[in-house]
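Chemist: Contents are mmCIF, C-alpha atoms and all ligand atoms; chains and numbers go by the auth columns; file name data11.cif:
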```cif
data_input
loop_
_atom_site.group_PDB
_atom_site.id
_atom_site.type_symbol
_atom_site.label_atom_id
_atom_site.label_comp_id
_atom_site.label_asym_id
_atom_site.label_seq_id
_atom_site.Cartn_x
_atom_site.Cartn_y
_atom_site.Cartn_z
_atom_site.B_iso_or_equiv
_atom_site.auth_seq_id
_atom_site.auth_asym_id
ATOM 1 C CA MET A 1 -201.246 194.182 161.366 0.00 1 R
ATOM 2 C CA LYS A 2 -202.035 191.506 158.822 0.00 2 R
ATOM 3 C CA VAL A 3 -200.303 188.256 159.641 0.00 3 R
ATOM 4 C CA ILE A 4 -198.941 186.556 156.521 0.00 4 R
ATOM 5 C CA ARG A 5 -198.923 182.812 156.784 0.00 5 R
ATOM 6 C CA LYS A 6 -195.684 181.177 155.713 0.00 6 R
ATOM 7 C CA ASP A 7 -197.489 179.101 153.108 0.00 7 R
ATOM 8 C CA GLU A 8 -199.683 181.922 151.811 0.00 8 R
ATOM 9 C CA ALA A 9 -199.376 182.069 148.037 0.00 9 R
ATOM 10 C CA THR A 10 -199.135 185.341 146.184 0.00 10 R
ATOM 11 C CA ALA A 11 -199.710 185.564 142.447 0.00 11 R
ATOM 12 C CA VAL A 12 -196.915 187.146 140.426 0.00 12 R
ATOM 13 C CA SER A 13 -197.274 188.008 136.769 0.00 13 R
ATOM 14 C CA CYS A 14 -194.472 189.480 134.694 0.00 14 R
ATOM 15 C CA VAL A 15 -192.805 189.304 131.287 0.00 15 R
ATOM 16 C CA VAL A 16 -189.718 187.082 131.097 0.00 16 R
ATOM 17 C CA ASN A 17 -187.697 187.199 127.889 0.00 17 R
ATOM 18 C CA GLY A 18 -190.642 188.626 125.998 0.00 18 R
ATOM 19 C CA GLU A 19 -193.178 186.092 127.211 0.00 19 R
ATOM 20 C CA ARG A 20 -195.886 186.850 129.765 0.00 20 R
ATOM 21 C CA VAL A 21 -195.650 184.394 132.625 0.00 21 R
ATOM 22 C CA SER A 22 -197.337 183.986 135.950 0.00 22 R
ATOM 23 C CA GLY A 23 -196.861 181.903 139.023 0.00 23 R
ATOM 24 C CA SER A 24 -197.457 181.907 142.706 0.00 24 R
ATOM 25 C CA CYS A 25 -195.065 182.101 145.598 0.00 25 R
ATOM 26 C CA GLU A 26 -194.766 183.018 149.224 0.00 26 R
ATOM 27 C CA PRO A 27 -194.195 186.711 149.875 0.00 27 R
ATOM 28 C CA ARG A 28 -190.683 185.894 151.103 0.00 28 R
ATOM 29 C CA THR A 29 -189.720 183.989 147.919 0.00 29 R
ATOM 30 C CA LEU A 30 -186.628 185.356 146.235 0.00 30 R
ATOM 31 C CA LEU A 31 -186.758 186.255 142.570 0.00 31 R
ATOM 32 C CA THR A 32 -183.962 183.757 141.904 0.00 32 R
ATOM 33 C CA ASP A 33 -186.110 180.907 143.197 0.00 33 R
ATOM 34 C CA PHE A 34 -189.209 182.144 141.412 0.00 34 R
ATOM 35 C CA LEU A 35 -187.417 182.405 138.061 0.00 35 R
ATOM 36 C CA ARG A 36 -185.657 179.067 138.400 0.00 36 R
ATOM 37 C CA HIS A 37 -188.374 176.914 139.971 0.00 37 R
ATOM 38 C CA GLU A 38 -191.643 178.527 138.860 0.00 38 R
ATOM 39 C CA ILE A 39 -190.640 179.829 135.437 0.00 39 R
ATOM 40 C CA GLY A 40 -187.847 177.412 134.517 0.00 40 R
ATOM 41 C CA ALA A 41 -185.233 180.095 133.815 0.00 41 R
ATOM 42 C CA THR A 42 -182.416 177.988 135.229 0.00 42 R
ATOM 43 C CA GLY A 43 -179.806 180.185 133.575 0.00 43 R
ATOM 44 C CA VAL A 44 -180.265 182.428 136.605 0.00 44 R
ATOM 45 C CA HIS A 45 -177.542 180.966 138.799 0.00 45 R
ATOM 46 C CA VAL A 46 -177.372 181.134 142.566 0.00 46 R
ATOM 47 C CA GLY A 47 -173.978 181.516 144.194 0.00 47 R
ATOM 48 C CA CYS A 48 -173.659 183.516 147.393 0.00 48 R
ATOM 49 C CA GLU A 49 -177.341 184.360 147.771 0.00 49 R
ATOM 50 C CA HIS A 50 -176.508 187.628 149.470 0.00 50 R
ATOM 51 C CA GLY A 51 -175.719 190.034 146.690 0.00 51 R
ATOM 52 C CA VAL A 52 -171.965 189.636 146.428 0.00 52 R
ATOM 53 C CA CYS A 53 -171.045 187.249 143.611 0.00 53 R
ATOM 54 C CA GLY A 54 -173.240 188.515 140.757 0.00 54 R
ATOM 55 C CA ALA A 55 -174.142 185.055 139.433 0.00 55 R
ATOM 56 C CA CYS A 56 -177.863 185.825 139.667 0.00 56 R
ATOM 57 C CA THR A 57 -177.735 189.109 137.725 0.00 57 R
ATOM 58 C CA ILE A 58 -180.756 189.772 135.506 0.00 58 R
ATOM 59 C CA LEU A 59 -182.265 192.812 133.828 0.00 59 R
ATOM 60 C CA LEU A 60 -185.365 194.111 135.605 0.00 60 R
ATOM 61 C CA ASN A 61 -187.059 196.823 133.566 0.00 61 R
ATOM 62 C CA GLY A 62 -183.770 197.327 131.741 0.00 62 R
ATOM 63 C CA ARG A 63 -181.594 197.666 134.835 0.00 63 R
ATOM 64 C CA SER A 64 -179.248 194.978 136.089 0.00 64 R
ATOM 65 C CA VAL A 65 -180.209 193.716 139.522 0.00 65 R
ATOM 66 C CA ARG A 66 -179.245 190.912 141.847 0.00 66 R
ATOM 67 C CA ALA A 67 -182.205 188.560 141.674 0.00 67 R
ATOM 68 C CA CYS A 68 -181.132 187.074 145.018 0.00 68 R
ATOM 69 C CA LEU A 69 -181.693 190.448 146.671 0.00 69 R
ATOM 70 C CA THR A 70 -185.103 190.912 145.089 0.00 70 R
ATOM 71 C CA PHE A 71 -188.364 189.417 146.246 0.00 71 R
ATOM 72 C CA ALA A 72 -190.408 187.763 143.537 0.00 72 R
ATOM 73 C CA VAL A 73 -193.389 189.925 144.424 0.00 73 R
ATOM 74 C CA GLN A 74 -191.320 192.997 143.525 0.00 74 R
ATOM 75 C CA ALA A 75 -191.292 191.726 139.951 0.00 75 R
ATOM 76 C CA GLN A 76 -195.066 191.971 139.619 0.00 76 R
ATOM 77 C CA GLY A 77 -195.724 193.620 136.237 0.00 77 R
ATOM 78 C CA ALA A 78 -192.010 193.905 135.449 0.00 78 R
ATOM 79 C CA ASP A 79 -190.117 193.195 132.255 0.00 79 R
ATOM 80 C CA ILE A 80 -187.303 190.729 132.965 0.00 80 R
ATOM 81 C CA GLU A 81 -184.465 189.504 130.799 0.00 81 R
ATOM 82 C CA THR A 82 -182.351 186.515 131.749 0.00 82 R
ATOM 83 C CA VAL A 83 -179.491 184.888 129.885 0.00 83 R
ATOM 84 C CA GLU A 84 -182.012 182.700 128.066 0.00 84 R
ATOM 85 C CA GLY A 85 -183.309 185.866 126.403 0.00 85 R
ATOM 86 C CA LEU A 86 -179.988 186.559 124.694 0.00 86 R
ATOM 87 C CA SER A 87 -180.503 183.663 122.301 0.00 87 R
ATOM 88 C CA LEU A 88 -184.212 183.126 122.121 0.00 88 R
ATOM 89 C CA ASP A 89 -184.329 180.514 119.406 0.00 89 R
ATOM 90 C CA GLY A 90 -181.628 178.507 121.144 0.00 90 R
ATOM 91 C CA ALA A 91 -179.574 178.382 117.961 0.00 91 R
ATOM 92 C CA ALA A 92 -178.107 181.762 117.091 0.00 92 R
ATOM 93 C CA LEU A 93 -175.866 183.176 119.780 0.00 93 R
ATOM 94 C CA SER A 94 -175.845 186.895 120.407 0.00 94 R
ATOM 95 C CA ASP A 95 -172.681 188.638 119.240 0.00 95 R
ATOM 96 C CA LEU A 96 -171.548 188.842 122.864 0.00 96 R
ATOM 97 C CA GLN A 97 -172.126 185.145 123.475 0.00 97 R
ATOM 98 C CA ALA A 98 -170.239 184.301 120.284 0.00 98 R
ATOM 99 C CA ALA A 99 -167.352 186.523 121.381 0.00 99 R
ATOM 100 C CA PHE A 100 -167.275 184.788 124.772 0.00 100 R
ATOM 101 C CA ARG A 101 -166.965 181.461 123.000 0.00 101 R
ATOM 102 C CA LYS A 102 -164.272 182.719 120.652 0.00 102 R
ATOM 103 C CA ARG A 103 -162.232 184.310 123.454 0.00 103 R
ATOM 104 C CA HIS A 104 -162.590 181.370 125.868 0.00 104 R
ATOM 105 C CA ALA A 105 -164.373 183.696 128.283 0.00 105 R
ATOM 106 C CA LEU A 106 -166.794 181.035 129.486 0.00 106 R
ATOM 107 C CA GLN A 107 -164.454 179.324 131.952 0.00 107 R
ATOM 108 C CA CYS A 108 -166.495 176.813 134.017 0.00 108 R
ATOM 109 C CA GLY A 109 -169.651 178.698 133.077 0.00 109 R
ATOM 110 C CA PHE A 110 -171.169 179.196 136.485 0.00 110 R
ATOM 111 C CA CYS A 111 -170.778 182.969 136.538 0.00 111 R
ATOM 112 C CA THR A 112 -171.231 183.396 132.796 0.00 112 R
ATOM 113 C CA PRO A 113 -175.003 184.112 132.707 0.00 113 R
ATOM 114 C CA GLY A 114 -174.716 186.985 135.174 0.00 114 R
ATOM 115 C CA ILE A 115 -171.632 188.376 133.492 0.00 115 R
ATOM 116 C CA LEU A 116 -173.294 188.222 130.072 0.00 116 R
ATOM 117 C CA ILE A 117 -176.271 190.156 131.405 0.00 117 R
ATOM 118 C CA SER A 118 -174.090 192.853 133.015 0.00 118 R
ATOM 119 C CA MET A 119 -171.990 193.208 129.873 0.00 119 R
ATOM 120 C CA THR A 120 -175.068 193.306 127.654 0.00 120 R
ATOM 121 C CA GLN A 121 -176.344 196.271 129.618 0.00 121 R
ATOM 122 C CA LEU A 122 -172.919 197.934 129.628 0.00 122 R
ATOM 123 C CA LEU A 123 -172.592 197.663 125.859 0.00 123 R
ATOM 124 C CA THR A 124 -176.102 199.060 125.420 0.00 124 R
ATOM 125 C CA GLU A 125 -175.458 202.043 127.650 0.00 125 R
ATOM 126 C CA GLU A 126 -171.833 202.633 126.664 0.00 126 R
ATOM 127 C CA PRO A 127 -171.256 201.444 123.093 0.00 127 R
ATOM 128 C CA MET A 128 -167.749 202.952 123.091 0.00 128 R
ATOM 129 C CA VAL A 129 -166.874 201.241 126.350 0.00 129 R
ATOM 130 C CA THR A 130 -163.262 201.367 127.529 0.00 130 R
ATOM 131 C CA GLU A 131 -161.240 198.551 129.042 0.00 131 R
ATOM 132 C CA ASP A 132 -161.311 200.349 132.396 0.00 132 R
ATOM 133 C CA ARG A 133 -165.108 200.461 132.359 0.00 133 R
ATOM 134 C CA VAL A 134 -165.345 196.780 131.435 0.00 134 R
ATOM 135 C CA ARG A 135 -163.071 195.938 134.357 0.00 135 R
ATOM 136 C CA ASP A 136 -165.023 198.281 136.609 0.00 136 R
ATOM 137 C CA VAL A 137 -168.339 196.543 135.869 0.00 137 R
ATOM 138 C CA LEU A 138 -166.719 193.122 135.911 0.00 138 R
ATOM 139 C CA SER A 139 -165.568 193.826 139.457 0.00 139 R
ATOM 140 C CA GLY A 140 -169.182 193.255 140.468 0.00 140 R
ATOM 141 C CA HIS A 141 -168.759 189.566 139.635 0.00 141 R
ATOM 142 C CA LEU A 142 -166.692 187.341 141.880 0.00 142 R
ATOM 143 C CA CYS A 143 -165.529 184.294 139.995 0.00 143 R
ATOM 144 C CA ARG A 144 -163.505 181.388 141.307 0.00 144 R
ATOM 145 C CA CYS A 145 -162.232 180.590 137.834 0.00 145 R
ATOM 146 C CA THR A 146 -160.641 184.045 137.965 0.00 146 R
ATOM 147 C CA GLY A 147 -158.865 184.818 134.707 0.00 147 R
ATOM 148 C CA TYR A 148 -161.216 187.545 133.526 0.00 148 R
ATOM 149 C CA GLU A 149 -158.886 188.438 130.629 0.00 149 R
ATOM 150 C CA GLY A 150 -160.915 186.558 128.036 0.00 150 R
ATOM 151 C CA ILE A 151 -164.081 188.266 129.245 0.00 151 R
ATOM 152 C CA VAL A 152 -162.540 191.718 128.876 0.00 152 R
ATOM 153 C CA ASP A 153 -161.253 190.826 125.399 0.00 153 R
ATOM 154 C CA ALA A 154 -164.674 189.516 124.338 0.00 154 R
ATOM 155 C CA VAL A 155 -166.535 192.645 125.432 0.00 155 R
ATOM 156 C CA LEU A 156 -164.019 194.932 123.730 0.00 156 R
ATOM 157 C CA ASP A 157 -164.234 192.812 120.566 0.00 157 R
ATOM 158 C CA VAL A 158 -167.993 193.312 120.448 0.00 158 R
ATOM 159 C CA ALA A 159 -167.720 197.053 121.069 0.00 159 R
ATOM 160 C CA ALA A 160 -165.211 197.345 118.214 0.00 160 R
ATOM 161 C CA GLN A 161 -167.268 195.147 115.888 0.00 161 R
ATOM 162 C CA ARG A 162 -170.463 197.116 116.533 0.00 162 R
ATOM 163 C CA ALA A 163 -168.618 200.416 116.010 0.00 163 R
ATOM 164 C CA HIS A 164 -167.280 199.085 112.732 0.00 164 R
ATOM 165 C CA GLU A 165 -170.748 197.999 111.591 0.00 165 R
ATOM 166 C CA GLU A 166 -172.161 201.415 112.563 0.00 166 R
ATOM 167 C CA SER A 167 -169.568 203.169 110.432 0.00 167 R
ATOM 168 C CA GLU A 168 -170.279 201.035 107.369 0.00 168 R
ATOM 169 C CA PRO A 169 -172.453 202.705 104.740 0.00 169 R
ATOM 170 C CA ALA A 170 -175.986 201.233 104.709 0.00 170 R
HETATM 171 FE FE1 LIG B . -176.974 186.766 143.919 0.00 1 Z
HETATM 172 FE FE2 LIG B . -174.527 185.938 144.511 0.00 1 Z
HETATM 173 S S1 LIG B . -176.323 184.736 144.122 0.00 1 Z
HETATM 174 S S2 LIG B . -175.191 187.967 144.074 0.00 1 Z
HETATM 175 FE FE1 LIG B . -166.181 179.451 136.935 0.00 2 Z
HETATM 176 FE FE2 LIG B . -166.928 181.861 137.630 0.00 2 Z
HETATM 177 S S1 LIG B . -166.939 181.005 135.616 0.00 2 Z
HETATM 178 S S2 LIG B . -166.456 180.192 138.935 0.00 2 Z
#
```
Give the structure from the file, written as C-alpha cells.
Modeler:
Amino acid sequence: MKVIRKDEATAVSCVVNGERVSGSCEPRTLLTDFLRHEIGATGVHVGCEHGVCGACTILLNGRSVRACLTFAVQAQGADIETVEGLSLDGAALSDLQAAFRKRHALQCGFCTPGILISMTQLLTEEPMVTEDRVRDVLSGHLCRCTGYEGIVDAVLDVAAQRAHEESEPA
C-alpha cells in the first residue's frame, strides 16, 4: 500500500466560475479549503463542516454539493460554480440576487451564498417551482437568522418574473 505523506501535495486543476484554475493540496484537503485558500473563492462559507448547514453549497458539474463533504482532489477536471459566479463582473446582480436584496432575504449573510446556489439550481431545474418545493429545498440550509420568509418570497418572485418574460412576445 502506498503511504501518503501528510504534506504530500497533489495538483488539482478545474474550472471555477468559467476560469481554469489550478492549485496544489494534500489529498485530505476539503474542497471548501481549496476553494477559499487556494483559489480565493471566499464566498464559499464554512459553518458546520460536516454536511448539515448548507453554507458551503456549490455547483459541481451542475449539481449542488456540500463542498465540506468533498475532497479537493475529487474536483480534478470538474466545472464548479460558486456564489461569485452569479455576478461575474461584480456589478450586475443576478435576478435572484436582486430579488434577495429587494425581499430582505439576505439576513446576516452567512448562509446566503449556499442558499443562492441551491435556489439557482432549483430555478434552473424547476422553472415553475412551487412554494412547497422552495421550502423543501430550503430545509437543507440551517440558518440561525431563521426567518426564511423573505427567501421564499424572493425565489417565487424570480420564478414569476421569468415566467412572465417567457410569455412575452419576442
Ligand atoms: Fe458544509 Fe455546513 S459547512 S454543510
Ligand atoms: Fe444569518 Fe443564516 S443568514 S445565520
Chemist: Evaluating the PyMOL selection byres (((chain R and resi 149) around 12) and not hetatm) on the displayed file yields which residues, as a list in words?
Modeler: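 Those residues are Phe100, Arg103, His104, Ala105, Leu106, Gln107, Glu131, Val134, Arg135, Leu138, Cys145, Thr146, Gly147, Tyr148, Gly150, Ile151, Val152, Asp153, Ala154, Val155 and Leu156 of chain R.
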Chemist: Can you tell me which residues come within 6 Å of ligand LIG 1 (chain Z) when counting only C-alpha atoms and all ligand atoms, ideally as a list in words?
Modeler: Val46, Gly47, Cys48, Glu49, His50, Gly51, Val52, Cys53, Gly54, Ala55, Cys56, Arg66, Ala67 and Cys68 of chain R
Chemist: For the file shown, report as a PyMOL selection string the outcome of the PyMOL selection byres (((not hetatm)) within 6 of (chain Z and resi 2)) at residue level.
Modeler: chain R and resi 107-112+143-145
Chemist: Of the candidates R:Ala72, R:Val83, R:Met128, R:Cys25, which one gets nearest to Ala9 of chain R if we count all atoms listed in the file?
Modeler: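 Going through R:Ala72, R:Val83, R:Met128, R:Cys25 one by one, the smallest distance to Ala9 of chain R is for R:Cys25.
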Chemist: Please report the interatomic distance between atom CA of Arg63 of chain R and atom CA of Leu93 of chain R in Å with one decimal.
Modeler: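 Atom CA of Leu93 of chain R lies 21.7 Å from atom CA of Arg63 of chain R.
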Chemist: Name the residues captured by the PyMOL selection byres (((chain R and resi 118) around 8) and not hetatm) when it is applied to the shown file; answer as a short mmCIF file (atom, residue, chain, number, x, y, z; two decimals) with C-alpha atoms, keeping the file's coordinate frame.
Modeler:
```cif
data_model
loop_
_atom_site.label_atom_id
_atom_site.label_comp_id
_atom_site.auth_asym_id
_atom_site.auth_seq_id
_atom_site.Cartn_x
_atom_site.Cartn_y
_atom_site.Cartn_z
CA THR R 57 -177.74 189.11 137.72
CA ILE R 58 -180.76 189.77 135.51
CA SER R 64 -179.25 194.98 136.09
CA GLY R 114 -174.72 186.98 135.17
CA ILE R 115 -171.63 188.38 133.49
CA LEU R 116 -173.29 188.22 130.07
CA ILE R 117 -176.27 190.16 131.40
CA MET R 119 -171.99 193.21 129.87
CA THR R 120 -175.07 193.31 127.65
CA GLN R 121 -176.34 196.27 129.62
CA LEU R 122 -172.92 197.93 129.63
CA VAL R 137 -168.34 196.54 135.87
CA LEU R 138 -166.72 193.12 135.91
#
```
Chemist: Around segment 104-119 of chain R, fit a box with edges along x, y and z, padding it by 8 Å on each side, then list its centre and edge lengths in Å to one decimal as AutoDock Vina command-line options.
Modeler:
```
--center_x -169.4 --center_y 185.0 --center_z 131.2 --size_x 29.7 --size_y 32.4 --size_z 26.7
```
Chemist: What lies within 9 Å of Ile39 of chain R using all atoms listed in the file, ignoring chain neighbours under 5 positions off, as an MDAnalysis selection string?
Modeler: chainID R and resid 16 21:23 34
Chemist: As an NGL selection string, please: the residues near Ala163 of chain R (cut-off 9 Å, only C-alpha atoms, same-chain neighbours under 5 positions excluded).
Modeler: :R and (127-128 or 158 or 168)
Chemist: Considering all atoms listed in the file, can you say which of R:Val65, R:Asp95, R:Ala160, R:His141 comes closest to Glu126 of chain R?
Modeler: R:Ala160
Chemist: Ranking R:Gly140, R:Gly18, R:Pro169, R:Pro27 by minimum distance to Thr82 of chain R and counting all atoms listed in the file, which one comes first?
Modeler: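 Going through R:Gly140, R:Gly18, R:Pro169, R:Pro27 one by one, the smallest distance to Thr82 of chain R is for R:Gly18.
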Chemist: Could you tell me how far atom CA of Asp132 of chain R sits from atom CA of His164 of chain R, in Å to one decimal place?
Modeler: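 Between atom CA of His164 of chain R and atom CA of Asp132 of chain R the gap is 20.6 Å.
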Chemist: With all atoms listed in the file as the basis for distance, which of R:Leu142, R:Ile80, R:Ala11, R:Ala98 is at the shortest distance from Leu35 of chain R?
Modeler: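 Closest residue, counting all atoms listed in the file: R:Ile80.
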Chemist: Between atom CA of Ala41 of chain R and atom CA of Ala92 of chain R, what is the distance, to one decimal in Å?
Modeler: 18.3 Å
Chemist: In terms of the shortest atom-to-atom distance over all atoms listed in the file, which of R:Asp157, R:His45, R:Ser139, R:Leu59 is closest to Ala75 of chain R?
Modeler: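 Under the stated criterion, the closest residue is R:Leu59.
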Chemist: Pick out the closest residue to Leu60 of chain R from this set: R:Glu81, R:Glu26, R:Gln74, R:Asp89. Count only C-alpha atoms.
Modeler: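 For Leu60 of chain R, the nearest of the given residues is R:Glu81.
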